[in-house]
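Reviewing the structure listed below.
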Amino acid sequence: MTTRPDLAVVILAAGKGTRFKSDLAKVLHRAAGRSMLHHVLEAVRPLGAGQVVVVVGHQAEEVEAEARTADLPGITFALQKEQLGTGHATRVAVDSLGDAAQHVLVLPGDTPLLGSATLTSLVESALDGAALLTATVDDPTGYGRIVRDGDDVARVVEQDDATDEELTITEVNGGVYAFRRSLLAESLAGLGTDNVQSEMYLTDVIEVVATRGVRVTAHAAAPDEVAGVNDRRQLADAAAVLRGRVLDRLMSEGVTVLDPDTTYVDVDVKVGADTVLYPNCILEDATEIGERATVGPNCHLVAAEVGDEAHVTNAVVKHAVVGPEATVGPFTYLRPGTVLDRGAKAGGFVEIKKSRLAEGAKVPHLSYIGDATIGRDANIGAGTITCNFDGFDKHETTVGDGAFVGSDTMLVAPIEIGAGAVTGAGSVITSDVPADALALERSEQQTVTGWAAKRREARSQGDA
Ligand code: UD1
Ligand code: CA
C-alpha cells in the first residue's frame, strides 16, 4: 500500500443524526455487516493517509471505540463538544492536524457507498487548490446544490437556504472535499453562521475559495456513491446497494446465487467457488463457506464456518463450525461452540450447543445435545436428550466412538457412555456405561391379550 504522509483525512462523525430517531449515533448504524463509519474507514484505508482524524461528539466514546475496531494506521480523534455544524467540525479537526499534513480530504461519516478509487481521484483533482465530489441526481432533495458561474463552481447552497430556482438544480454536493491544507485553514477561519440553521457550514468554504480566485474542481461521481444516509429509509437503500455489490463479487468468483433478491450477505463473508446459495439466506459477520457446498433455502448463518461440500438447509447456525461433507437440517439450530467434524450430521429438529460431533457422528432426528462430546461414527437415536442442566450448573456428556444411543435416551449429565456401548431405547441413563456394554433402564412391559378388542366391544354396546 502506498503511504502519503502529506495527506490527512478528516471524517465528520460528531452529529446525532436526529432524523434516525435513534438512541444510537447515526454513524454507528449498520448496513451489510458494518457500521456506516466502518464502511467509510475502509474506503479511506487504501489512500494510505498519514493521519485520519475522526471528529466525534455525540456518543463520542462509542463512536471512537467503533472506529478503533477498523485498526486503521494513523487514526486520531478530535472532540467537537457542541455540534455547531460541518464547518465547525472541520475546524476542530484541522486544529488537531500534525505538521506533515499538506493536503486534506474531508468526508462525512454517513456515506457508506463511497469507493476508494473515487476518493483517490478527488485528491488528485484538487491539485494544489480545492475539489469537491458532485453527482447529478433525479431527486436532489436534502442535498446542497452546486451553483455555477459559467463552468466554474461558485458556491454550494443548502436546501433550506436555496431559492426556488436553486432548488431545481440537480447537481448536488456529495459532502466530500479535498483541499490544500493552508487554503482550507484560512477559509474556515472566516466562516459565519448566517443561515437558516444558524450553523457553521463547511459548504460555505467553497464560496470563500472561489471568491479568492482559486478554481474549485467539481469531480463527478455516480449518484450511488455520494448517497448520504440521513434516515432509515436511506439506510435501507444503501444496504441494498452494498448487498448487490457483495453478490456481484461472489458471483464473479464462481458462487451460484439462485435468488439475489432474497440473499443477504455481509461484506466480510467468504464463499468458495461452486457453492450454491439457495433463496432466503442471511449470511452474517465473518461467516466462511467452503467450495462446492450448498446453503439454504432458509438459512441464517452468523459467524459460521461451513466446510467444502457441506450441506446446510433450513437452519440457524451461530458461531459454530460445520465440517467438510457434514450435513445440517432441515429445521436445525447449531448454537455457539458447536463443531461438526467431517461428514457428521445434525438432522431434522435438532438443537446442538457447545458440543463436538467427531467425524461421521450422527444426530439425525429430534434431539437436544448440549455440552457434549460425541465420538467418531457414534449414532444418537431420535429424541435423545442430554440433560445437561440441573437447575444450577451445566454438566458434560461424553459418548465414545461407535456408541449406539437408543432412541429417546435421556443422558443425565455428567455422564460417560463408553466406546461401542449401546443404550436401550427409552432409557434414562444416570450412571456411566463402560465400553461395549448395554445399558437399559426400562420397566417391564405388560401385555394383556384381547384387552383392546373387549374395550371396543364394551363401548359399542354402551352407545347403542
Ligand atoms: C451535508 C452538506 C450538504 C451535502 C450533504 C451530502 C453541509 C452544511 N451540508 O448535508 O451540502 O449535500 O452533506 O451528504 O455540510 N457533523 C459533525 N458535526 C456537526 C454537524 C455534522 O460532525 O456539527 C457530521 C455528521 O455526523 C455527518 C456529517 O457531518 O456525518 C454531515 O452532516 P449532516 O447533518 O448529515 O449533513 P447533511 O444535512 O447531510
Ligand atoms: Ca448527511
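Residue numbering restarts at 1 for every chain of the C-alpha cells, chains are lettered A, B, ... in their displayed order, and ligands are numbered from 1 as they appear.
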
Taking only C-alpha atoms and all ligand atoms into account, which residues are within 8 Å of ligand 2, as JSON, numbers by chain? {"A": [108, 110, 111, 175, 228, 229, 230]}

Hey, which residues sit close to ligand 1? Say within 6 Å, counting only C-alpha atoms and all ligand atoms, and write them as JSON, numbers by chain. {"A": [12, 13, 14, 15, 55, 83, 84, 85, 86, 89, 108, 109, 110, 143, 144, 158, 172, 173, 174, 175, 201, 202, 203, 228, 230]}

Could the residues in this selection be written to a file with N, CA, C and O atoms, as an mmCIF file, in the first residue's frame?
```
data_model
loop_
_atom_site.group_PDB
_atom_site.id
_atom_site.type_symbol
_atom_site.label_atom_id
_atom_site.label_comp_id
_atom_site.auth_asym_id
_atom_site.auth_seq_id
_atom_site.Cartn_x
_atom_site.Cartn_y
_atom_site.Cartn_z
ATOM 1 N N LEU A 12 -16.153 13.399 9.381
ATOM 2 C CA LEU A 12 -17.084 14.115 10.273
ATOM 3 C C LEU A 12 -18.101 13.127 10.828
ATOM 4 O O LEU A 12 -18.926 12.580 10.087
ATOM 5 N N ALA A 13 -18.020 12.886 12.114
ATOM 6 C CA ALA A 13 -18.870 11.849 12.712
ATOM 7 C C ALA A 13 -19.373 12.255 14.092
ATOM 8 O O ALA A 13 -19.571 11.415 14.961
ATOM 9 N N ALA A 14 -19.571 13.558 14.298
ATOM 10 C CA ALA A 14 -19.962 14.026 15.630
ATOM 11 C C ALA A 14 -21.469 14.198 15.777
ATOM 12 O O ALA A 14 -21.976 14.322 16.891
ATOM 13 N N GLY A 15 -22.193 14.197 14.666
ATOM 14 C CA GLY A 15 -23.625 14.504 14.712
ATOM 15 C C GLY A 15 -24.438 13.389 15.356
ATOM 16 O O GLY A 15 -24.006 12.244 15.455
ATOM 17 N N VAL A 55 -13.818 13.114 13.708
ATOM 18 C CA VAL A 55 -14.403 14.116 14.608
ATOM 19 C C VAL A 55 -15.576 13.460 15.333
ATOM 20 O O VAL A 55 -16.522 12.975 14.707
ATOM 21 N N GLN A 83 -22.243 20.389 18.586
ATOM 22 C CA GLN A 83 -22.341 20.204 17.144
ATOM 23 C C GLN A 83 -22.852 21.487 16.486
ATOM 24 O O GLN A 83 -24.054 21.680 16.318
ATOM 25 N N LEU A 84 -21.881 22.342 16.150
ATOM 26 C CA LEU A 84 -22.225 23.660 15.613
ATOM 27 C C LEU A 84 -22.196 23.704 14.090
ATOM 28 O O LEU A 84 -22.239 24.771 13.495
ATOM 29 N N GLY A 85 -22.085 22.525 13.461
ATOM 30 C CA GLY A 85 -22.116 22.464 12.007
ATOM 31 C C GLY A 85 -20.879 21.809 11.418
ATOM 32 O O GLY A 85 -19.861 21.633 12.089
ATOM 33 N N THR A 86 -20.994 21.437 10.134
ATOM 34 C CA THR A 86 -19.908 20.706 9.478
ATOM 35 C C THR A 86 -18.637 21.560 9.353
ATOM 36 O O THR A 86 -17.528 21.037 9.393
ATOM 37 N N ALA A 89 -17.002 21.483 12.749
ATOM 38 C CA ALA A 89 -16.405 20.156 12.963
ATOM 39 C C ALA A 89 -15.068 20.053 12.228
ATOM 40 O O ALA A 89 -14.074 19.536 12.758
ATOM 41 N N PRO A 108 -17.943 13.010 5.066
ATOM 42 C CA PRO A 108 -18.870 12.725 6.161
ATOM 43 C C PRO A 108 -18.810 11.253 6.556
ATOM 44 O O PRO A 108 -18.390 10.412 5.761
ATOM 45 N N GLY A 109 -19.248 10.967 7.767
ATOM 46 C CA GLY A 109 -19.266 9.575 8.221
ATOM 47 C C GLY A 109 -20.529 8.847 7.814
ATOM 48 O O GLY A 109 -20.723 7.682 8.180
ATOM 49 N N ASP A 110 -21.406 9.509 7.055
ATOM 50 C CA ASP A 110 -22.693 8.882 6.721
ATOM 51 C C ASP A 110 -22.825 8.571 5.234
ATOM 52 O O ASP A 110 -23.910 8.545 4.682
ATOM 53 N N TYR A 143 -29.990 17.554 -0.402
ATOM 54 C CA TYR A 143 -28.569 17.822 -0.661
ATOM 55 C C TYR A 143 -28.320 19.310 -0.880
ATOM 56 O O TYR A 143 -29.214 20.049 -1.320
ATOM 57 N N GLY A 144 -27.080 19.728 -0.649
ATOM 58 C CA GLY A 144 -26.660 21.050 -1.065
ATOM 59 C C GLY A 144 -26.577 21.068 -2.588
ATOM 60 O O GLY A 144 -26.210 20.074 -3.206
ATOM 61 N N GLU A 158 -27.371 25.255 0.564
ATOM 62 C CA GLU A 158 -28.116 24.202 1.244
ATOM 63 C C GLU A 158 -29.594 24.266 0.881
ATOM 64 O O GLU A 158 -30.129 25.335 0.599
ATOM 65 N N VAL A 172 -25.673 17.947 -7.265
ATOM 66 C CA VAL A 172 -25.644 18.085 -5.795
ATOM 67 C C VAL A 172 -24.239 17.886 -5.230
ATOM 68 O O VAL A 172 -23.346 17.327 -5.875
ATOM 69 N N ASN A 173 -24.116 18.343 -3.976
ATOM 70 C CA ASN A 173 -22.841 18.259 -3.258
ATOM 71 C C ASN A 173 -22.744 16.918 -2.538
ATOM 72 O O ASN A 173 -23.606 16.596 -1.717
ATOM 73 N N GLY A 174 -21.706 16.162 -2.804
ATOM 74 C CA GLY A 174 -21.508 14.880 -2.143
ATOM 75 C C GLY A 174 -20.990 15.021 -0.720
ATOM 76 O O GLY A 174 -20.934 14.032 0.014
ATOM 77 N N GLY A 175 -20.582 16.232 -0.346
ATOM 78 C CA GLY A 175 -20.083 16.434 1.021
ATOM 79 C C GLY A 175 -18.653 15.951 1.211
ATOM 80 O O GLY A 175 -18.183 15.823 2.331
ATOM 81 N N TYR A 201 -21.440 26.186 8.218
ATOM 82 C CA TYR A 201 -21.465 25.233 7.109
ATOM 83 C C TYR A 201 -20.074 25.063 6.496
ATOM 84 O O TYR A 201 -19.452 26.057 6.085
ATOM 85 N N LEU A 202 -19.639 23.851 6.336
ATOM 86 C CA LEU A 202 -18.406 23.594 5.590
ATOM 87 C C LEU A 202 -18.580 23.989 4.120
ATOM 88 O O LEU A 202 -17.636 24.428 3.456
ATOM 89 N N THR A 203 -19.827 23.862 3.654
ATOM 90 C CA THR A 203 -20.099 24.191 2.246
ATOM 91 C C THR A 203 -19.751 25.643 1.910
ATOM 92 O O THR A 203 -19.413 25.957 0.771
ATOM 93 N N GLY A 228 -25.838 10.150 0.798
ATOM 94 C CA GLY A 228 -25.709 10.365 2.236
ATOM 95 C C GLY A 228 -26.899 9.710 2.926
ATOM 96 O O GLY A 228 -28.011 9.723 2.410
ATOM 97 N N ASN A 230 -29.307 9.820 5.894
ATOM 98 C CA ASN A 230 -29.798 10.680 6.971
ATOM 99 C C ASN A 230 -30.967 10.073 7.745
ATOM 100 O O ASN A 230 -31.326 10.558 8.806
#
```

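Going from CA of Thr168 in chain A to CA of Asp149 in chain A covers 15.9 Å.
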
In Å, how far is it from CA of Ile374 in chain A to CA of Asp401 in chain A?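 Computed distance, CA of Ile374 in chain A to CA of Asp401 in chain A, equals 7.3 Å.
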
I'd like the contact shell of range 413-429 of chain A - 7 Å cut-off, only C-alpha atoms, skipping same-chain residues fewer than 6 positions apart - returned as an mmCIF file with all heavy atoms, in the first residue's frame.
```
data_model
loop_
_atom_site.group_PDB
_atom_site.id
_atom_site.type_symbol
_atom_site.label_atom_id
_atom_site.label_comp_id
_atom_site.auth_asym_id
_atom_site.auth_seq_id
_atom_site.Cartn_x
_atom_site.Cartn_y
_atom_site.Cartn_z
ATOM 1 N N THR A 386 -29.536 -34.689 25.990
ATOM 2 C CA THR A 386 -28.556 -34.581 27.066
ATOM 3 C C THR A 386 -29.183 -33.676 28.114
ATOM 4 O O THR A 386 -29.484 -32.515 27.852
ATOM 5 C CB THR A 386 -27.238 -33.955 26.566
ATOM 6 O OG1 THR A 386 -27.547 -32.713 25.941
ATOM 7 C CG2 THR A 386 -26.513 -34.846 25.572
ATOM 8 N N CYS A 387 -29.384 -34.234 29.314
ATOM 9 C CA CYS A 387 -29.955 -33.434 30.406
ATOM 10 C C CYS A 387 -28.751 -32.764 31.062
ATOM 11 O O CYS A 387 -28.177 -33.280 32.014
ATOM 12 C CB CYS A 387 -30.712 -34.331 31.375
ATOM 13 S SG CYS A 387 -31.866 -35.435 30.531
ATOM 14 N N ASN A 388 -28.346 -31.621 30.507
ATOM 15 C CA ASN A 388 -27.056 -31.029 30.885
ATOM 16 C C ASN A 388 -27.166 -30.017 32.022
ATOM 17 O O ASN A 388 -26.172 -29.577 32.550
ATOM 18 C CB ASN A 388 -26.397 -30.371 29.670
ATOM 19 C CG ASN A 388 -27.234 -29.242 29.107
ATOM 20 O OD1 ASN A 388 -28.457 -29.251 29.193
ATOM 21 N ND2 ASN A 388 -26.570 -28.259 28.520
ATOM 22 N N HIS A 395 -23.509 -29.589 33.013
ATOM 23 C CA HIS A 395 -22.635 -30.766 33.129
ATOM 24 C C HIS A 395 -22.402 -31.390 31.765
ATOM 25 O O HIS A 395 -23.217 -31.264 30.863
ATOM 26 C CB HIS A 395 -23.266 -31.786 34.075
ATOM 27 C CG HIS A 395 -23.538 -31.232 35.440
ATOM 28 N ND1 HIS A 395 -22.548 -31.064 36.377
ATOM 29 C CD2 HIS A 395 -24.680 -30.776 36.001
ATOM 30 C CE1 HIS A 395 -23.083 -30.526 37.475
ATOM 31 N NE2 HIS A 395 -24.368 -30.339 37.268
ATOM 32 N N GLU A 396 -21.294 -32.128 31.675
ATOM 33 C CA GLU A 396 -20.865 -32.649 30.374
ATOM 34 C C GLU A 396 -21.290 -34.092 30.124
ATOM 35 O O GLU A 396 -21.374 -34.895 31.055
ATOM 36 C CB GLU A 396 -19.340 -32.561 30.282
ATOM 37 C CG GLU A 396 -18.856 -31.159 30.606
ATOM 38 C CD GLU A 396 -17.763 -30.680 29.707
ATOM 39 O OE1 GLU A 396 -17.026 -31.522 29.167
ATOM 40 O OE2 GLU A 396 -17.664 -29.451 29.544
ATOM 41 N N THR A 397 -21.490 -34.359 28.853
ATOM 42 C CA THR A 397 -21.798 -35.722 28.408
ATOM 43 C C THR A 397 -20.709 -36.150 27.432
ATOM 44 O O THR A 397 -20.332 -35.371 26.557
ATOM 45 C CB THR A 397 -23.165 -35.749 27.683
ATOM 46 O OG1 THR A 397 -24.171 -35.361 28.610
ATOM 47 C CG2 THR A 397 -23.471 -37.133 27.131
ATOM 48 N N THR A 398 -20.237 -37.401 27.610
ATOM 49 C CA THR A 398 -19.269 -37.926 26.646
ATOM 50 C C THR A 398 -19.809 -39.233 26.081
ATOM 51 O O THR A 398 -20.210 -40.110 26.844
ATOM 52 C CB THR A 398 -17.914 -38.188 27.322
ATOM 53 O OG1 THR A 398 -17.504 -36.990 27.973
ATOM 54 C CG2 THR A 398 -16.850 -38.595 26.310
ATOM 55 N N VAL A 399 -19.831 -39.328 24.770
ATOM 56 C CA VAL A 399 -20.260 -40.566 24.110
ATOM 57 C C VAL A 399 -19.065 -41.047 23.299
ATOM 58 O O VAL A 399 -18.527 -40.296 22.477
ATOM 59 C CB VAL A 399 -21.490 -40.323 23.209
ATOM 60 C CG1 VAL A 399 -21.850 -41.577 22.425
ATOM 61 C CG2 VAL A 399 -22.677 -39.849 24.045
ATOM 62 N N GLY A 400 -18.642 -42.292 23.535
ATOM 63 C CA GLY A 400 -17.429 -42.799 22.888
ATOM 64 C C GLY A 400 -17.619 -43.124 21.414
ATOM 65 O O GLY A 400 -18.748 -43.149 20.899
ATOM 66 N N ASP A 401 -16.499 -43.409 20.761
ATOM 67 C CA ASP A 401 -16.518 -43.751 19.333
ATOM 68 C C ASP A 401 -17.435 -44.947 19.085
ATOM 69 O O ASP A 401 -17.410 -45.923 19.838
ATOM 70 C CB ASP A 401 -15.100 -44.144 18.867
ATOM 71 C CG ASP A 401 -14.156 -42.948 18.874
ATOM 72 O OD1 ASP A 401 -14.627 -41.810 19.071
ATOM 73 O OD2 ASP A 401 -12.936 -43.175 18.697
ATOM 74 N N GLY A 402 -18.206 -44.884 18.056
ATOM 75 C CA GLY A 402 -19.011 -46.034 17.636
ATOM 76 C C GLY A 402 -20.127 -46.419 18.582
ATOM 77 O O GLY A 402 -20.750 -47.468 18.403
ATOM 78 N N ALA A 403 -20.409 -45.630 19.573
ATOM 79 C CA ALA A 403 -21.501 -45.967 20.502
ATOM 80 C C ALA A 403 -22.835 -45.826 19.789
ATOM 81 O O ALA A 403 -22.959 -45.087 18.800
ATOM 82 C CB ALA A 403 -21.442 -45.058 21.722
ATOM 83 N N PHE A 404 -23.839 -46.570 20.300
ATOM 84 C CA PHE A 404 -25.177 -46.503 19.724
ATOM 85 C C PHE A 404 -26.144 -46.129 20.839
ATOM 86 O O PHE A 404 -26.435 -46.940 21.722
ATOM 87 C CB PHE A 404 -25.564 -47.863 19.116
ATOM 88 C CG PHE A 404 -26.917 -47.859 18.465
ATOM 89 C CD1 PHE A 404 -27.052 -47.613 17.110
ATOM 90 C CD2 PHE A 404 -28.063 -48.094 19.217
ATOM 91 C CE1 PHE A 404 -28.311 -47.594 16.509
ATOM 92 C CE2 PHE A 404 -29.324 -48.074 18.622
ATOM 93 C CZ PHE A 404 -29.449 -47.827 17.268
ATOM 94 N N VAL A 405 -26.597 -44.917 20.803
ATOM 95 C CA VAL A 405 -27.514 -44.439 21.842
ATOM 96 C C VAL A 405 -28.925 -44.613 21.305
ATOM 97 O O VAL A 405 -29.285 -44.058 20.264
ATOM 98 C CB VAL A 405 -27.210 -42.958 22.186
ATOM 99 C CG1 VAL A 405 -28.250 -42.392 23.146
ATOM 100 C CG2 VAL A 405 -25.813 -42.836 22.774
ATOM 101 N N GLY A 406 -29.714 -45.454 21.996
ATOM 102 C CA GLY A 406 -31.053 -45.774 21.503
ATOM 103 C C GLY A 406 -31.955 -44.563 21.485
ATOM 104 O O GLY A 406 -31.709 -43.559 22.179
ATOM 105 N N SER A 407 -33.039 -44.682 20.729
ATOM 106 C CA SER A 407 -33.975 -43.571 20.606
ATOM 107 C C SER A 407 -34.506 -43.165 21.969
ATOM 108 O O SER A 407 -34.689 -44.003 22.854
ATOM 109 C CB SER A 407 -35.161 -43.973 19.724
ATOM 110 O OG SER A 407 -34.713 -44.179 18.415
ATOM 111 N N ALA A 435 -17.348 -49.289 28.078
ATOM 112 C CA ALA A 435 -17.208 -49.581 26.655
ATOM 113 C C ALA A 435 -17.843 -50.927 26.334
ATOM 114 O O ALA A 435 -17.775 -51.865 27.130
ATOM 115 C CB ALA A 435 -15.729 -49.593 26.266
ATOM 116 N N ASP A 436 -18.514 -51.000 25.206
ATOM 117 C CA ASP A 436 -19.096 -52.229 24.667
ATOM 118 C C ASP A 436 -20.198 -52.837 25.534
ATOM 119 O O ASP A 436 -20.616 -53.968 25.283
ATOM 120 C CB ASP A 436 -17.987 -53.274 24.398
ATOM 121 C CG ASP A 436 -17.003 -52.776 23.340
ATOM 122 O OD1 ASP A 436 -17.474 -52.163 22.345
ATOM 123 O OD2 ASP A 436 -15.785 -52.950 23.516
ATOM 124 N N ALA A 437 -20.670 -52.142 26.569
ATOM 125 C CA ALA A 437 -21.751 -52.666 27.413
ATOM 126 C C ALA A 437 -23.110 -52.262 26.845
ATOM 127 O O ALA A 437 -23.211 -51.402 25.968
ATOM 128 C CB ALA A 437 -21.597 -52.112 28.824
ATOM 129 N N LEU A 438 -24.171 -52.896 27.361
ATOM 130 C CA LEU A 438 -25.543 -52.455 27.093
ATOM 131 C C LEU A 438 -26.086 -51.839 28.379
ATOM 132 O O LEU A 438 -25.950 -52.440 29.446
ATOM 133 C CB LEU A 438 -26.433 -53.642 26.698
ATOM 134 C CG LEU A 438 -27.953 -53.354 26.753
ATOM 135 C CD1 LEU A 438 -28.381 -52.394 25.647
ATOM 136 C CD2 LEU A 438 -28.762 -54.647 26.659
ATOM 137 N N ALA A 439 -26.677 -50.692 28.293
ATOM 138 C CA ALA A 439 -27.342 -50.118 29.462
ATOM 139 C C ALA A 439 -28.815 -49.948 29.105
ATOM 140 O O ALA A 439 -29.160 -49.384 28.074
ATOM 141 C CB ALA A 439 -26.729 -48.771 29.818
ATOM 142 N N LEU A 440 -29.678 -50.478 29.983
ATOM 143 C CA LEU A 440 -31.103 -50.466 29.718
ATOM 144 C C LEU A 440 -31.799 -50.029 30.995
ATOM 145 O O LEU A 440 -31.526 -50.571 32.060
ATOM 146 C CB LEU A 440 -31.517 -51.892 29.336
ATOM 147 C CG LEU A 440 -32.933 -52.104 28.828
ATOM 148 C CD1 LEU A 440 -33.148 -51.352 27.527
ATOM 149 C CD2 LEU A 440 -33.151 -53.609 28.589
ATOM 150 N N GLU A 441 -32.666 -49.062 30.886
ATOM 151 C CA GLU A 441 -33.386 -48.601 32.082
ATOM 152 C C GLU A 441 -34.826 -48.454 31.651
ATOM 153 O O GLU A 441 -35.195 -47.512 30.977
ATOM 154 C CB GLU A 441 -32.794 -47.266 32.538
ATOM 155 C CG GLU A 441 -33.339 -46.773 33.864
ATOM 156 C CD GLU A 441 -34.714 -46.152 33.744
ATOM 157 O OE1 GLU A 441 -35.016 -45.571 32.675
ATOM 158 O OE2 GLU A 441 -35.483 -46.243 34.699
ATOM 159 N N ARG A 442 -35.646 -49.488 32.036
ATOM 160 C CA ARG A 442 -36.976 -49.558 31.448
ATOM 161 C C ARG A 442 -37.814 -50.460 32.342
ATOM 162 O O ARG A 442 -37.318 -51.498 32.799
ATOM 163 C CB ARG A 442 -36.792 -50.255 30.102
ATOM 164 C CG ARG A 442 -37.698 -49.829 29.007
ATOM 165 C CD ARG A 442 -37.519 -50.756 27.857
ATOM 166 N NE ARG A 442 -36.659 -50.231 26.815
ATOM 167 C CZ ARG A 442 -36.221 -50.967 25.796
ATOM 168 N NH1 ARG A 442 -36.463 -52.254 25.729
ATOM 169 N NH2 ARG A 442 -35.471 -50.420 24.871
#
```

Closest contacts (range 193-306 of chain A/range 322-330 of chain A, max 9 Å, only C-alpha atoms) as JSON lines:
```
{"residue": "A:Gly290", "atom": "CA", "partner": "A:Pro324", "partner_atom": "CA", "distance": 8.0}
{"residue": "A:Ala293", "atom": "CA", "partner": "A:Glu325", "partner_atom": "CA", "distance": 8.1}
{"residue": "A:Ala304", "atom": "CA", "partner": "A:Val322", "partner_atom": "CA", "distance": 7.7}
{"residue": "A:Glu305", "atom": "CA", "partner": "A:Val322", "partner_atom": "CA", "distance": 6.0}
{"residue": "A:Val306", "atom": "CA", "partner": "A:Val322", "partner_atom": "CA", "distance": 4.7}
```

May I have the residues from that selection written out with all heavy atoms, as a PDB file, in the first residue's frame?
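The resulting file, result37.pdb, is reproduced below:
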```pdb
ATOM      1  N   GLY A 290     -17.046 -22.948   2.419  1.00  0.00           N
ATOM      2  CA  GLY A 290     -16.063 -23.539   1.522  1.00  0.00           C
ATOM      3  C   GLY A 290     -16.578 -23.700   0.104  1.00  0.00           C
ATOM      4  O   GLY A 290     -17.549 -23.054  -0.310  1.00  0.00           O
ATOM      5  N   ALA A 293     -20.206 -26.385  -1.611  1.00  0.00           N
ATOM      6  CA  ALA A 293     -21.189 -26.585  -0.545  1.00  0.00           C
ATOM      7  C   ALA A 293     -22.551 -26.109  -1.032  1.00  0.00           C
ATOM      8  O   ALA A 293     -22.649 -25.440  -2.070  1.00  0.00           O
ATOM      9  CB  ALA A 293     -20.766 -25.799   0.691  1.00  0.00           C
ATOM     10  N   ALA A 304     -20.449 -18.238  11.106  1.00  0.00           N
ATOM     11  CA  ALA A 304     -20.406 -19.696  10.968  1.00  0.00           C
ATOM     12  C   ALA A 304     -19.276 -20.087  10.022  1.00  0.00           C
ATOM     13  O   ALA A 304     -18.882 -19.311   9.157  1.00  0.00           O
ATOM     14  CB  ALA A 304     -21.732 -20.196  10.417  1.00  0.00           C
ATOM     15  N   GLU A 305     -18.769 -21.301  10.225  1.00  0.00           N
ATOM     16  CA  GLU A 305     -17.761 -21.820   9.292  1.00  0.00           C
ATOM     17  C   GLU A 305     -18.353 -23.088   8.692  1.00  0.00           C
ATOM     18  O   GLU A 305     -18.739 -23.999   9.421  1.00  0.00           O
ATOM     19  CB  GLU A 305     -16.490 -22.126  10.078  1.00  0.00           C
ATOM     20  CG  GLU A 305     -15.292 -22.423   9.219  1.00  0.00           C
ATOM     21  CD  GLU A 305     -14.090 -22.809  10.083  1.00  0.00           C
ATOM     22  OE1 GLU A 305     -13.844 -22.144  11.105  1.00  0.00           O
ATOM     23  OE2 GLU A 305     -13.436 -23.804   9.730  1.00  0.00           O
ATOM     24  N   VAL A 306     -18.433 -23.133   7.383  1.00  0.00           N
ATOM     25  CA  VAL A 306     -19.032 -24.284   6.696  1.00  0.00           C
ATOM     26  C   VAL A 306     -17.987 -24.820   5.725  1.00  0.00           C
ATOM     27  O   VAL A 306     -17.484 -24.095   4.873  1.00  0.00           O
ATOM     28  CB  VAL A 306     -20.327 -23.861   5.955  1.00  0.00           C
ATOM     29  CG1 VAL A 306     -20.894 -25.024   5.158  1.00  0.00           C
ATOM     30  CG2 VAL A 306     -21.368 -23.325   6.934  1.00  0.00           C
TER      31      VAL A 306
END
```

Need to verify the contact set: Ser125 in chain A, 10 Å, only C-alpha atoms, exclusion of same-chain residues closer than 6 positions in sequence. Can you return it as a list in words? Leu119, Ala131, Leu132, Ala178, Phe179, Val216, Thr217, Ala218 and His219 of chain A

So that I can check the secondary structure, give me every residue of range 327-464 of chain A assigned strand (DSSP E) by backbone DSSP, as a ChimeraX atom specification. /A:327-328,332-334,339-340,345-348,350-353,356-357,362-365,368-370,372-374,379-380,385-387,397-399,404-405,410-412,415-417,422-423,428-429,438-439

Set the distance at 10 Å and use only C-alpha atoms: which residues neighbour Thr294 in chain A once local chain neighbours fewer than 6 positions away are removed? I'd like the list as a PyMOL selection string. chain A and resi 256+274-278+306+308-313+327

For Ala382 in chain A, list every protein, DNA or RNA residue within 12 Å, evaluated using only C-alpha atoms, and leave out those in the same chain fewer than 5 positions away; present the list as a list in words.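 Counting only the stated atoms, we get Ala346, Gly347, Gly348, Phe349, Val350, Lys362, Val363, Pro364, His365, Leu366, Ser367, Tyr368, Ile369, Phe404, Val405, Gly406, Ser407, Asp408, Thr409, Met410, Ala425 and Gly426 of chain A.
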
Given only C-alpha atoms as the counted atoms, nearest of A:Val241, A:Ala286, A:Ile206, A:Val10 to Ala93 in chain A: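 Of A:Val241, A:Ala286, A:Ile206, A:Val10, the one nearest Ala93 in chain A is A:Val10, counting only C-alpha atoms.
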
Among range 31-240 of chain A, which ones does DSSP assign to alpha helix (DSSP H) (computed from the backbone)? Answer as a PyMOL selection string. chain A and resi 36-44+60-69+86-95+116-126+164-167+181-189+204-211+223-226+232-240

Within 9 Å of Thr136 in chain A, counting only C-alpha atoms, which residues show up once you throw out same-chain ones fewer than 6 positions away? Write them as a ChimeraX atom specification, please. /A:169-172,220-223

With N, CA, C and O atoms kept, could you save the residues just selected as a CSV table (one decimal), in the first residue's frame?
```csv
chain,number,residue,atom,x,y,z
A,169,ILE,N,-31.9,22.9,-9.2
A,169,ILE,CA,-30.6,22.3,-9.6
A,169,ILE,C,-30.4,20.9,-9.2
A,169,ILE,O,-30.7,20.5,-8.1
A,170,THR,N,-30.0,20.0,-10.2
A,170,THR,CA,-29.9,18.6,-9.9
A,170,THR,C,-28.5,18.2,-9.7
A,170,THR,O,-28.2,17.0,-9.4
A,171,GLU,N,-27.6,19.1,-9.8
A,171,GLU,CA,-26.2,18.8,-9.5
A,171,GLU,C,-26.0,19.0,-8.0
A,171,GLU,O,-26.1,20.1,-7.5
A,172,VAL,N,-25.7,17.9,-7.3
A,172,VAL,CA,-25.6,18.1,-5.8
A,172,VAL,C,-24.2,17.9,-5.2
A,172,VAL,O,-23.3,17.3,-5.9
A,220,ALA,N,-17.2,14.7,-10.8
A,220,ALA,CA,-18.5,14.0,-10.8
A,220,ALA,C,-18.4,12.5,-10.5
A,220,ALA,O,-17.5,11.8,-10.9
A,221,ALA,N,-19.3,12.1,-9.6
A,221,ALA,CA,-19.3,10.7,-9.3
A,221,ALA,C,-20.7,10.1,-9.6
A,221,ALA,O,-21.6,10.8,-9.8
A,222,ALA,N,-20.8,8.8,-9.5
A,222,ALA,CA,-22.1,8.1,-9.7
A,222,ALA,C,-23.0,8.5,-8.5
A,222,ALA,O,-22.5,8.5,-7.4
A,223,PRO,N,-24.3,8.7,-8.7
A,223,PRO,CA,-25.2,9.1,-7.6
A,223,PRO,C,-25.1,8.1,-6.5
A,223,PRO,O,-25.2,8.5,-5.3
```

Distance criterion (only C-alpha atoms): nearest to Asp160 in chain A out of A:Glu186, A:Pro112, A:Glu64, A:Ser198: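 Among the listed residues, the smallest separation from Asp160 in chain A belongs to A:Ser198.
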